[in-house]
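*Asks:* Below you'll find upload_18.pdb; it's PDB, C-alpha atoms and all ligand atoms.
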ATOM      1  CA  MET A   1     -13.248   8.765 -10.318  1.00  0.00           C
ATOM      2  CA  THR A   2     -14.864   6.274  -7.989  1.00  0.00           C
ATOM      3  CA  ARG A   3     -13.165   4.977  -4.895  1.00  0.00           C
ATOM      4  CA  GLU A   4     -11.907   1.428  -5.231  1.00  0.00           C
ATOM      5  CA  THR A   5     -13.650  -0.998  -2.894  1.00  0.00           C
ATOM      6  CA  ALA A   6     -11.740  -3.584  -0.890  1.00  0.00           C
ATOM      7  CA  GLU A   7     -13.369  -6.267  -3.015  1.00  0.00           C
ATOM      8  CA  GLY A   8     -12.366  -4.528  -6.234  1.00  0.00           C
ATOM      9  CA  LYS A   9      -8.822  -4.158  -4.996  1.00  0.00           C
ATOM     10  CA  ALA A  10      -8.743  -7.836  -4.024  1.00  0.00           C
ATOM     11  CA  VAL A  11      -9.652  -8.793  -7.590  1.00  0.00           C
ATOM     12  CA  ARG A  12      -6.959  -6.460  -8.895  1.00  0.00           C
ATOM     13  CA  LEU A  13      -4.333  -7.956  -6.567  1.00  0.00           C
ATOM     14  CA  LEU A  14      -5.243 -11.453  -7.727  1.00  0.00           C
ATOM     15  CA  GLY A  15      -5.215 -10.431 -11.378  1.00  0.00           C
ATOM     16  CA  SER A  16      -1.797  -8.838 -11.087  1.00  0.00           C
ATOM     17  CA  GLY A  17      -0.261 -11.900  -9.468  1.00  0.00           C
ATOM     18  CA  SER A  18       0.338 -10.128  -6.162  1.00  0.00           C
ATOM     19  CA  VAL A  19      -0.992 -12.997  -4.064  1.00  0.00           C
ATOM     20  CA  SER A  20       1.233 -15.944  -3.156  1.00  0.00           C
ATOM     21  CA  VAL A  21      -0.287 -18.770  -1.140  1.00  0.00           C
ATOM     22  CA  THR A  22       2.670 -20.296   0.700  1.00  0.00           C
ATOM     23  CA  LEU A  23       0.782 -22.923   2.687  1.00  0.00           C
ATOM     24  CA  ALA A  24      -2.708 -24.340   2.277  1.00  0.00           C
ATOM     25  CA  VAL A  25      -3.786 -27.326   4.364  1.00  0.00           C
ATOM     26  CA  PRO A  26      -7.150 -28.039   6.016  1.00  0.00           C
ATOM     27  CA  GLY A  27      -7.670 -25.393   8.686  1.00  0.00           C
ATOM     28  CA  LEU A  28      -4.506 -23.423   7.940  1.00  0.00           C
ATOM     29  CA  VAL A  29      -3.586 -21.039   5.150  1.00  0.00           C
ATOM     30  CA  ASN A  30      -0.557 -18.775   4.923  1.00  0.00           C
ATOM     31  CA  ALA A  31      -0.168 -16.269   2.119  1.00  0.00           C
ATOM     32  CA  THR A  32       1.791 -13.175   1.266  1.00  0.00           C
ATOM     33  CA  VAL A  33       0.258 -10.269  -0.604  1.00  0.00           C
ATOM     34  CA  PHE A  34       2.125  -7.462  -2.315  1.00  0.00           C
ATOM     35  CA  GLY A  35      -0.228  -4.588  -1.551  1.00  0.00           C
ATOM     36  CA  ASP A  36      -0.014  -1.000  -2.690  1.00  0.00           C
ATOM     37  CA  HIS A  37       1.950  -0.078   0.421  1.00  0.00           C
ATOM     38  CA  GLY A  38       4.102  -3.101   1.069  1.00  0.00           C
ATOM     39  CA  LEU A  39       4.169  -6.807   1.695  1.00  0.00           C
ATOM     40  CA  TYR A  40       1.543  -8.275   3.990  1.00  0.00           C
ATOM     41  CA  ALA A  41       1.163 -11.663   5.625  1.00  0.00           C
ATOM     42  CA  VAL A  42      -2.321 -13.164   5.644  1.00  0.00           C
ATOM     43  CA  THR A  43      -3.055 -16.124   7.894  1.00  0.00           C
ATOM     44  CA  TYR A  44      -6.143 -18.266   8.267  1.00  0.00           C
ATOM     45  CA  ARG A  45      -6.213 -20.506  11.292  1.00  0.00           C
ATOM     46  CA  ARG A  46      -9.104 -22.308  12.940  1.00  0.00           C
ATOM     47  CA  GLY A  47     -11.826 -20.237  11.377  1.00  0.00           C
ATOM     48  CA  GLY A  48     -10.247 -16.810  11.671  1.00  0.00           C
ATOM     49  CA  PHE A  49      -8.376 -14.621   9.220  1.00  0.00           C
ATOM     50  CA  SER A  50      -5.741 -12.121  10.169  1.00  0.00           C
ATOM     51  CA  CYS A  51      -3.614  -9.740   8.139  1.00  0.00           C
ATOM     52  CA  SER A  52      -0.434  -7.975   9.124  1.00  0.00           C
ATOM     53  CA  CYS A  53      -1.760  -4.659   7.826  1.00  0.00           C
ATOM     54  CA  LEU A  54      -3.987  -4.586  10.924  1.00  0.00           C
ATOM     55  CA  ALA A  55      -6.866  -2.959   9.060  1.00  0.00           C
ATOM     56  CA  TYR A  56     -10.162  -3.298  10.849  1.00  0.00           C
ATOM     57  CA  GLY A  57     -12.563  -5.751   9.192  1.00  0.00           C
ATOM     58  CA  GLY A  58     -11.923  -7.389   5.849  1.00  0.00           C
ATOM     59  CA  CYS A  59      -9.012  -5.699   4.100  1.00  0.00           C
ATOM     60  CA  SER A  60      -8.311  -6.255   0.426  1.00  0.00           C
ATOM     61  CA  HIS A  61      -5.354  -8.570   1.191  1.00  0.00           C
ATOM     62  CA  LEU A  62      -7.524 -10.836   3.247  1.00  0.00           C
ATOM     63  CA  LEU A  63     -10.318 -10.785   0.674  1.00  0.00           C
ATOM     64  CA  ALA A  64      -7.861 -11.692  -2.086  1.00  0.00           C
ATOM     65  CA  VAL A  65      -6.673 -14.764  -0.195  1.00  0.00           C
ATOM     66  CA  LEU A  66     -10.282 -15.593   0.623  1.00  0.00           C
ATOM     67  CA  ARG A  67     -11.129 -15.655  -3.071  1.00  0.00           C
ATOM     68  CA  CYS A  68      -8.367 -18.057  -4.083  1.00  0.00           C
ATOM     69  CA  THR A  69      -8.662 -20.582  -1.266  1.00  0.00           C
ATOM     70  CA  ALA A  70     -11.490 -22.686   0.121  1.00  0.00           C
ATOM     71  CA  ALA A  71     -10.841 -21.370   3.618  1.00  0.00           C
ATOM     72  CA  GLY A  72     -13.437 -18.633   3.328  1.00  0.00           C
ATOM     73  CA  HIS A  73     -16.245 -21.066   2.687  1.00  0.00           C
ATOM     74  CA  ARG A  74     -16.583 -21.530   6.406  1.00  0.00           C
ATOM     75  CA  VAL A  75     -16.039 -17.928   7.409  1.00  0.00           C
ATOM     76  CA  ALA A  76     -19.199 -16.210   8.541  1.00  0.00           C
ATOM     77  CA  GLY A  77     -19.709 -12.502   8.700  1.00  0.00           C
ATOM     78  CA  LEU A  78     -17.477 -11.456   5.817  1.00  0.00           C
ATOM     79  CA  SER A  79     -19.368  -9.920   2.940  1.00  0.00           C
ATOM     80  CA  ARG A  80     -18.306 -11.099  -0.463  1.00  0.00           C
TER      81      ARG A  80
HETATM   82 ZN    ZN B 101      -4.457  -6.470   4.949  1.00  0.00          ZN
END
For this file, produce the structure as structure tokens.
Ligand SMILES: [Zn+2]

*Replies:*
Amino acid sequence: MTRETAEGKAVRLLGSGSVSVTLAVPGLVNATVFGDHGLYAVTYRRGGFSCSCLAYGGCSHLLAVLRCTAAGHRVAGLSR
């Protein structure tokens, strides 16, 4: 059994309807993600993403929101 990557998990979260974008305006995105271990708040503001799970780097919650909004198009340094 192979370990699930953050990207793979992000696709799974999106496919299972676990991602709810609650606000999406230019420069600001708020979303909630039902992860495997609870509910997380993902925020994009002025070029930076943050997630309440406090994982270092790009967690699967953040990547899931990145994939379903245009916000990530201007984010540098996150591998896709
Ligand atoms: Zn997270």

*Asks:* Write out as a CSV table (one decimal) with C-alpha atoms, in the coordinates of the input the residues lying within 7 Å of segment 58-73 of chain A, counting only C-alpha atoms and excluding same-chain residues fewer than 3 positions away.

*Replies:*
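Everything below was put into part.csv:
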chain,number,residue,atom,x,y,z
A,6,ALA,CA,-11.7,-3.6,-0.9
A,7,GLU,CA,-13.4,-6.3,-3.0
A,9,LYS,CA,-8.8,-4.2,-5.0
A,10,ALA,CA,-8.7,-7.8,-4.0
A,11,VAL,CA,-9.7,-8.8,-7.6
A,13,LEU,CA,-4.3,-8.0,-6.6
A,14,LEU,CA,-5.2,-11.5,-7.7
A,33,VAL,CA,0.3,-10.3,-0.6
A,42,VAL,CA,-2.3,-13.2,5.6
A,51,CYS,CA,-3.6,-9.7,8.1
A,55,ALA,CA,-6.9,-3.0,9.1
A,78,LEU,CA,-17.5,-11.5,5.8

*Asks:* With a distance cut-off of 9 Å and all atoms listed in the file, select the neighbouring residues of Leu39 of chain A, excluding the residue or stretch itself and same-chain residues fewer than 6 positions from it, and output the selection as a PyMOL selection string.

*Replies:* chain A and resi 32-33+52-53

*Asks:* Do you have the atom CA of Ser50 of chain A-atom CA of Thr5 of chain A distance handy?

*Replies:*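 Interatomic distance here is 18.9 Å.
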
*Asks:* Atom CA of Thr22 of chain A and atom CA of Gly8 of chain A, how far apart in Å?

*Replies:*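 Straight-line distance from atom CA of Gly8 of chain A to atom CA of Thr22 of chain A works out to 22.9 Å.
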
*Asks:* Quick one: apply the PyMOL selection byres (((chain A and resi 28) around 8) and not hetatm) to the file and drop the selected residues here as a PDB file with C-alpha atoms, in the frame of the given file.

*Replies:*
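Writing done, so here's out32.pdb:
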ATOM      1  CA  LEU A  23       0.782 -22.923   2.687  1.00  0.00           C
ATOM      2  CA  ALA A  24      -2.708 -24.340   2.277  1.00  0.00           C
ATOM      3  CA  VAL A  25      -3.786 -27.326   4.364  1.00  0.00           C
ATOM      4  CA  PRO A  26      -7.150 -28.039   6.016  1.00  0.00           C
ATOM      5  CA  GLY A  27      -7.670 -25.393   8.686  1.00  0.00           C
ATOM      6  CA  VAL A  29      -3.586 -21.039   5.150  1.00  0.00           C
ATOM      7  CA  ASN A  30      -0.557 -18.775   4.923  1.00  0.00           C
ATOM      8  CA  THR A  43      -3.055 -16.124   7.894  1.00  0.00           C
ATOM      9  CA  TYR A  44      -6.143 -18.266   8.267  1.00  0.00           C
ATOM     10  CA  ARG A  45      -6.213 -20.506  11.292  1.00  0.00           C
ATOM     11  CA  ARG A  46      -9.104 -22.308  12.940  1.00  0.00           C
ATOM     12  CA  ALA A  71     -10.841 -21.370   3.618  1.00  0.00           C
TER      13      ALA A  71
END

*Asks:* Using atom CA of His37 of chain A and atom CA of Val19 of chain A as the two end points, give the distance in Å to one decimal.

*Replies:*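 Atom CA of Val19 of chain A lies 14.0 Å from atom CA of His37 of chain A.
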
*Asks:* How big is the axis-aligned box around all listed atoms of segment 12-15 of chain A once 8 Å goes on each side, and where's its centre, in Å to one decimal, as lines of an AutoDock Vina configuration file?

*Replies:*
center_x = -5.6
center_y = -9.0
center_z = -9.0
size_x = 18.6
size_y = 21.0
size_z = 20.8

*Asks:* Here is a test: counting all atoms listed in the file, which residue of A:Gly48, A:Val21, A:Ala31, A:Ala41 is nearest to ligand ZN 101 (chain B)?

*Replies:*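 Distance minimum relative to ligand ZN 101 (chain B) lands on A:Ala41.
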
*Asks:* Kindly write C-alpha atoms of chain A from the structure just given to a file, as a tab-separated table (two decimals), in the first residue's frame.

*Replies:*
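Result saved to decode21.tsv:
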chain	number	residue	atom	x	y	z
A	1	MET	CA	0.00	0.00	0.00
A	2	THR	CA	1.47	3.32	-1.03
A	3	ARG	CA	1.32	6.38	1.15
A	4	GLU	CA	-1.20	8.95	-0.02
A	5	THR	CA	0.40	12.22	-1.10
A	6	ALA	CA	-1.00	15.58	-0.05
A	7	GLU	CA	-1.94	16.19	-3.67
A	8	GLY	CA	-3.71	12.85	-3.92
A	9	LYS	CA	-5.59	13.53	-0.72
A	10	ALA	CA	-6.57	16.98	-2.00
A	11	VAL	CA	-8.14	15.38	-5.07
A	12	ARG	CA	-9.95	12.90	-2.85
A	13	LEU	CA	-11.29	15.67	-0.59
A	14	LEU	CA	-12.58	17.56	-3.62
A	15	GLY	CA	-14.13	14.44	-5.11
A	16	SER	CA	-15.93	13.57	-1.90
A	17	GLY	CA	-17.43	17.03	-1.55
A	18	SER	CA	-15.44	17.83	1.59
A	19	VAL	CA	-14.46	21.30	0.43
A	20	SER	CA	-16.81	24.25	0.89
A	21	VAL	CA	-15.71	27.63	-0.42
A	22	THR	CA	-17.56	30.13	1.76
A	23	LEU	CA	-16.12	33.32	0.30
A	24	ALA	CA	-14.26	33.97	-2.94
A	25	VAL	CA	-13.51	37.54	-4.00
A	26	PRO	CA	-10.38	38.97	-5.65
A	27	GLY	CA	-7.55	38.63	-3.15
A	28	LEU	CA	-9.56	36.80	-0.49
A	29	VAL	CA	-10.79	33.23	-0.23
A	30	ASN	CA	-12.31	31.51	2.78
A	31	ALA	CA	-13.10	27.81	2.75
A	32	THR	CA	-13.81	24.99	5.13
A	33	VAL	CA	-12.51	21.49	4.57
A	34	PHE	CA	-13.72	18.34	6.26
A	35	GLY	CA	-10.42	16.51	6.61
A	36	ASP	CA	-9.78	13.04	7.95
A	37	HIS	CA	-9.25	14.42	11.44
A	38	GLY	CA	-11.72	17.26	11.67
A	39	LEU	CA	-12.89	20.51	10.17
A	40	TYR	CA	-10.27	22.97	8.99
A	41	ALA	CA	-10.45	26.59	7.92
A	42	VAL	CA	-8.40	27.58	4.89
A	43	THR	CA	-7.82	31.25	4.15
A	44	TYR	CA	-6.13	32.98	1.25
A	45	ARG	CA	-5.36	36.63	1.75
A	46	ARG	CA	-3.02	38.92	-0.15
A	47	GLY	CA	-0.98	36.19	-1.74
A	48	GLY	CA	-0.67	33.83	1.20
A	49	PHE	CA	-2.52	30.68	2.17
A	50	SER	CA	-3.03	29.51	5.70
A	51	CYS	CA	-4.77	26.49	7.18
A	52	SER	CA	-5.96	25.93	10.71
A	53	CYS	CA	-4.34	22.49	10.81
A	54	LEU	CA	-1.00	24.31	11.11
A	55	ALA	CA	0.82	21.72	9.02
A	56	TYR	CA	4.12	22.96	7.68
A	57	GLY	CA	4.09	23.65	3.94
A	58	GLY	CA	1.21	22.80	1.66
A	59	CYS	CA	-1.25	20.53	3.45
A	60	SER	CA	-3.93	18.64	1.57
A	61	HIS	CA	-6.66	21.05	2.76
A	62	LEU	CA	-4.83	24.00	1.33
A	63	LEU	CA	-4.06	22.17	-1.91
A	64	ALA	CA	-7.73	21.22	-2.30
A	65	VAL	CA	-8.83	24.85	-2.04
A	66	LEU	CA	-6.00	25.82	-4.37
A	67	ARG	CA	-7.33	23.46	-7.01
A	68	CYS	CA	-10.89	24.79	-6.99
A	69	THR	CA	-10.17	28.52	-6.90
A	70	ALA	CA	-8.13	30.87	-9.05
A	71	ALA	CA	-6.26	32.14	-6.01
A	72	GLY	CA	-3.38	29.72	-6.47
A	73	HIS	CA	-2.55	31.04	-9.91
A	74	ARG	CA	-0.52	33.76	-8.29
A	75	VAL	CA	1.01	31.67	-5.54
A	76	ALA	CA	4.66	30.92	-6.10
A	77	GLY	CA	6.58	28.15	-4.46
A	78	LEU	CA	3.79	25.62	-4.07
A	79	SER	CA	4.30	22.50	-6.13
A	80	ARG	CA	1.24	21.28	-7.94
